[in-house]
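So the structure is just underneath, and the comments pick up after that.
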Amino acid sequence: MGRALAVWGVALSAYLLAIFHRTSLAVAGLAATDRFGITAAQLAVFTMLQLLVYAAMQIPVGLLIDRFGPRSLILTGTVVMTLAQAAFAVVDSYPAALVARTFVGIGDAMTWVCVLRLVSRWFPPRRVPIVTQLSGTLGQLGAIAAAVPMGLALSRLGWTEAYLLAAGLGLLVTVALVLVLGDAPDARNLRGHPMSLGLVRGSLTASWGHPGTRLGFWMHFVTQFSATTLSLLWGYPFFVRGEGRSEEVAGLLLTSIVVAFMWSGPLLGFLVSRHPWHRSSIVLSIVWAIVTVWTAVLLWPGDAPLWLLLLLTQVVGIGGPASMIGFDLARTSNPADRLASATGIINQAGFAASLVVVIAVGLVLDWRTPGDSTAYTPEAFRWALAAQYPLWALGLLQVWRYRRRTRAVIDRAGLTASARAEG
């Protein structure tokens with residue numbers, strides 16, 4: 001168990017670093033507009049590009065892990081992130097910065113699926129849900145590090161020095177990965193069979209063909225996008241201009257989303273490990289809670305009270321750990337040789353949904369704002385954030401459909417009660 005914890009700790013450090021790099025631009029928005037001479041709309045492109053690259057990379061990364069093993073992929077991802085962040089520190093043109101952030105996103109996309117594969121190989125099945133949730137929870141420390149230490153570094157050291165220092169952390173993590181990481185307890189490097197186009201198509205078809213994979217996909221789709229949309233782009237302007245809160249209070253509300261992620265993750269991990277047959281019921285309950293609280297906020301006459309906004313951050317924040325329940329469906333619905341590709345299919349769902357919502361909110365804000373002004377009104381924000389409802393409706397319907405199909409497959413197989421719990 002000591003070796004498993006060491007491997008998990010080192011892999012987790014790579015994931016924490018990935019989240020740190022992913023969110024490091026959140027505190028540097030004003031500095032970025034000055035450095036690159038860009039508008040707010042151009043600044044938003046960084047976020048949309050990040051989501052697009054991350055979502056697009058998930059299936060290729062899953063296939064590569066099945067072929068070359070998680071150790072090779074997580075090492076590659078960490079090196080790519082390190083070099084890209086160093087480039088981001090020294091470039092001074094907007095196009096070059098976009099290229100650098102694209103490669104940061106590519107490296108980031110290689111980490112989480114690798115962590116999930118390593119957890120499934122190094123820990124017994126009954127502990128996998130809890131360790132998975134702990135991984136996601138502790139990974140959020142990277143977002144906190146990006147918000148506070150990175151902000152201080154930018155103000156005291158300047159752009160280039162701060163981002164070079166951030167890139168330097170990748171060197172330490174790379175050394176730790178080389179020394180400690182192994183693909184499995186009995187093998188430092190595992191390799192899958194060479195994959196032709198036909199085998200790739202067959203693996204993806206088999207993974208997607210299982211209703212459990214589809215159930216996990218729609219779980220991830222419907223739970224994550226609200227928190228991601230608020231955390232990465234629209235939360236701060238919504239709280240300030242849509243709800244009339246000060247910048248300090250808006251910052252605290254955004255931080256409380258991370259807090260919700262951290263306290264709810266271990267709790268959901270415990271519930272899933274004890275009640276795996278009710279994973280979809282847990283997800284459905286959480287999504288309905290998110291929809292209910294959002295409805296109360298958007299329909300509240302005038303500015304919503306602070307207690308309601310705090311409640312919103314907590315139920316929205318739970319959506320992050322809830323999305324990870326989808327990965328447990330991948331684990332129990334697919335054999336080991338296609339687990340990473342199934343996980344990649346699922347992991348793209350929430351980020352694709354987030355990308356749609358981020359774009360839709362921006363479009364509706366522009367539609368509901370007179371002229372060329374960017375002084376968005378509370379009414380405009382209410383219209384814009386209502387763009388989430390079609391995605392909730394689609395996701396809830398699909399979770400309901402595929403949980404019935406998944407349970408039907410298990411029932412037809414005639415599994416015992418203990419096996420049903422695993423399924």
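Order determines the names: the first chain of the structure tokens is A, the second B, and so forth; residues in each chain are numbered 1 upward, and ligands are numbered 1 upward as they are shown.
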Who sits within 7 Å of segment 359-369 of chain A, only C-alpha atoms, same chain under 6 positions skipped, as a VMD selection string: chain A and resid 376 380 to 381 383 to 385 387
Keeping N, CA, C and O atoms for every residue in the selection just given, could you write it to a file as a PDB file, in the first residue's frame?
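Below you can see part.pdb, which holds the result:
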ATOM      1  N   TYR A 376     -23.073  45.116 -19.324  1.00  0.00           N
ATOM      2  CA  TYR A 376     -24.168  44.170 -19.281  1.00  0.00           C
ATOM      3  C   TYR A 376     -25.054  44.417 -18.063  1.00  0.00           C
ATOM      4  O   TYR A 376     -24.579  44.696 -16.975  1.00  0.00           O
ATOM      5  N   ALA A 380     -29.830  41.192 -18.684  1.00  0.00           N
ATOM      6  CA  ALA A 380     -29.082  40.496 -19.725  1.00  0.00           C
ATOM      7  C   ALA A 380     -28.444  39.229 -19.181  1.00  0.00           C
ATOM      8  O   ALA A 380     -28.421  38.182 -19.848  1.00  0.00           O
ATOM      9  N   PHE A 381     -27.908  39.299 -17.953  1.00  0.00           N
ATOM     10  CA  PHE A 381     -27.292  38.115 -17.354  1.00  0.00           C
ATOM     11  C   PHE A 381     -28.335  37.037 -17.076  1.00  0.00           C
ATOM     12  O   PHE A 381     -28.053  35.841 -17.219  1.00  0.00           O
ATOM     13  N   TRP A 383     -31.092  36.436 -18.796  1.00  0.00           N
ATOM     14  CA  TRP A 383     -31.352  35.809 -20.080  1.00  0.00           C
ATOM     15  C   TRP A 383     -30.194  34.897 -20.486  1.00  0.00           C
ATOM     16  O   TRP A 383     -30.396  33.775 -20.963  1.00  0.00           O
ATOM     17  N   ALA A 384     -28.974  35.398 -20.302  1.00  0.00           N
ATOM     18  CA  ALA A 384     -27.805  34.652 -20.770  1.00  0.00           C
ATOM     19  C   ALA A 384     -27.623  33.346 -20.014  1.00  0.00           C
ATOM     20  O   ALA A 384     -27.376  32.292 -20.613  1.00  0.00           O
ATOM     21  N   LEU A 385     -27.745  33.396 -18.687  1.00  0.00           N
ATOM     22  CA  LEU A 385     -27.503  32.196 -17.897  1.00  0.00           C
ATOM     23  C   LEU A 385     -28.666  31.214 -17.980  1.00  0.00           C
ATOM     24  O   LEU A 385     -28.518  30.053 -17.593  1.00  0.00           O
ATOM     25  N   ALA A 387     -29.440  30.100 -20.656  1.00  0.00           N
ATOM     26  CA  ALA A 387     -28.994  29.218 -21.738  1.00  0.00           C
ATOM     27  C   ALA A 387     -28.589  27.842 -21.222  1.00  0.00           C
ATOM     28  O   ALA A 387     -28.418  26.901 -22.005  1.00  0.00           O
TER      29      ALA A 387
END
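By chain and then residue number, the residues within 12 Å of Arg241 of chain A are Trp234, Gly235, Tyr236, Ser246, Glu247, Ala250, Asp303, Leu365, Thr374, Ala375, Tyr376, Thr377, Pro378, Glu379, Ala380, Phe381 and Arg382 of chain A, counting only C-alpha atoms and disregarding those fewer than 5 positions away in sequence.
Using only C-alpha atoms for every distance, the candidate list A:Gly151, A:Pro95, A:Pro60, A:Gly242 yields A:Pro95 as the residue closest to Phe36 of chain A.
Shortest separation to Leu190 of chain A among A:Trp122, A:Phe88, A:Phe68, A:Trp218 occurs at residue A:Phe68, atoms counted being only C-alpha atoms.
Taking only C-alpha atoms into account, Ala393 of chain A lies nearest to A:Trp288 out of the set A:Ala56, A:Trp288, A:Leu197, A:Arg3.
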Counting only C-alpha atoms, the residue of A:Arg101, A:Leu52, A:Arg403, A:Pro129 that sits nearest Phe327 of chain A: A:Pro129
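Excluding Ile130 of chain A itself and same-chain residues fewer than 6 positions from it, the residues having an atom within 10 Å of it are Gly265, Pro266, Leu267, Leu268, Gly269, Phe270, Leu271, Val272 and Ser273 of chain A, counting only C-alpha atoms.
Candidate residues A:Leu63, A:Ala89, A:Leu138, A:Ala304 were compared for distance to Ser203 of chain A, and the nearest is A:Leu63, using only C-alpha atoms.
Taking only C-alpha atoms into account, Trp112 of chain A lies nearest to A:Gly139 out of the set A:Pro124, A:Gly139, A:Gly326, A:Gly395.
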Mind running segment 301-348 of chain A against segment 206-212 of chain A at 12 Å and telling me each contacting residue's nearest atom pair with the distance in Å (one decimal), counting only C-alpha atoms, chain and number ascending, as a Markdown table?
| residue | atom | partner | partner_atom | distance |
| --- | --- | --- | --- | --- |
| A:Ile325 | CA | A:Gly212 | CA | 11.5 |
| A:Gly326 | CA | A:Gly212 | CA | 8.9 |
| A:Phe327 | CA | A:Gly212 | CA | 10.0 |
| A:Asp328 | CA | A:Gly212 | CA | 9.6 |
| A:Leu329 | CA | A:Gly212 | CA | 5.8 |
| A:Ala330 | CA | A:Gly212 | CA | 6.7 |
| A:Arg331 | CA | A:Gly212 | CA | 9.3 |
| A:Thr332 | CA | A:Gly212 | CA | 7.9 |
| A:Ser333 | CA | A:Gly212 | CA | 5.4 |
| A:Asn334 | CA | A:Ser207 | CA | 6.7 |
| A:Pro335 | CA | A:Ser207 | CA | 9.1 |
| A:Ala336 | CA | A:Ser207 | CA | 11.1 |
| A:Asp337 | CA | A:Ser207 | CA | 10.5 |
| A:Arg338 | CA | A:Ser207 | CA | 7.1 |
| A:Leu339 | CA | A:Ser207 | CA | 8.2 |
| A:Ala340 | CA | A:Ser207 | CA | 9.8 |
| A:Ser341 | CA | A:Ser207 | CA | 7.4 |
| A:Ala342 | CA | A:Ser207 | CA | 5.4 |
| A:Thr343 | CA | A:Ser207 | CA | 9.1 |
| A:Gly344 | CA | A:Ser207 | CA | 10.2 |
| A:Ile345 | CA | A:Trp208 | CA | 7.8 |
| A:Ile346 | CA | A:Trp208 | CA | 9.3 |
Kindly provide the residues of segment 95-128 of chain A that approach segment 10-13 of chain A to within 9 Å, each paired with its closest atom pair and their distance in Å to one decimal, based on only C-alpha atoms, listed by chain and increasing number, as JSON lines.
{"residue": "A:Thr111", "atom": "CA", "partner": "A:Ala11", "partner_atom": "CA", "distance": 8.2}
{"residue": "A:Trp112", "atom": "CA", "partner": "A:Leu12", "partner_atom": "CA", "distance": 8.8}
{"residue": "A:Cys114", "atom": "CA", "partner": "A:Ala11", "partner_atom": "CA", "distance": 8.1}
{"residue": "A:Val115", "atom": "CA", "partner": "A:Ala11", "partner_atom": "CA", "distance": 6.0}
{"residue": "A:Leu118", "atom": "CA", "partner": "A:Ala11", "partner_atom": "CA", "distance": 8.1}
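For the pair atom CA of Gly350 of chain A and atom CA of Asp183 of chain A, the interatomic distance is 26.8 Å.
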For Ala187 of chain A: contacts at 12 Å, only C-alpha atoms, fewer than 5 positions along chain excluded, given as a PyMOL selection string: chain A and resi 69-71+118+121-122+181-182
Could you write those residues out with N, CA and C atoms, as a compact mmCIF listing (two decimals), in the first residue's frame?
# COMPACT_ATOMS: atom_id res chain seq x y z
N GLY A 69 0.51 3.28 -22.20
CA GLY A 69 0.51 3.29 -20.75
C GLY A 69 0.45 4.69 -20.17
N PRO A 70 -0.09 4.84 -18.95
CA PRO A 70 -0.25 6.16 -18.35
C PRO A 70 1.06 6.84 -17.97
N ARG A 71 2.09 6.05 -17.62
CA ARG A 71 3.36 6.67 -17.23
C ARG A 71 3.95 7.50 -18.37
N LEU A 118 -4.09 5.01 -13.40
CA LEU A 118 -3.17 4.58 -12.35
C LEU A 118 -3.92 4.20 -11.08
N ARG A 121 -5.40 0.78 -11.32
CA ARG A 121 -4.43 -0.33 -11.32
C ARG A 121 -3.73 -0.51 -9.99
N TRP A 122 -3.60 0.54 -9.21
CA TRP A 122 -2.82 0.47 -7.98
C TRP A 122 -3.67 0.29 -6.72
N LEU A 181 7.07 6.76 -10.68
CA LEU A 181 5.86 6.26 -11.33
C LEU A 181 6.07 4.92 -12.01
N GLY A 182 5.07 4.07 -11.91
CA GLY A 182 5.01 2.81 -12.64
C GLY A 182 3.59 2.58 -13.11
Atom CA of Leu299 of chain A to atom CA of Ile257 of chain A, straight-line distance in Å: 21.3 Å
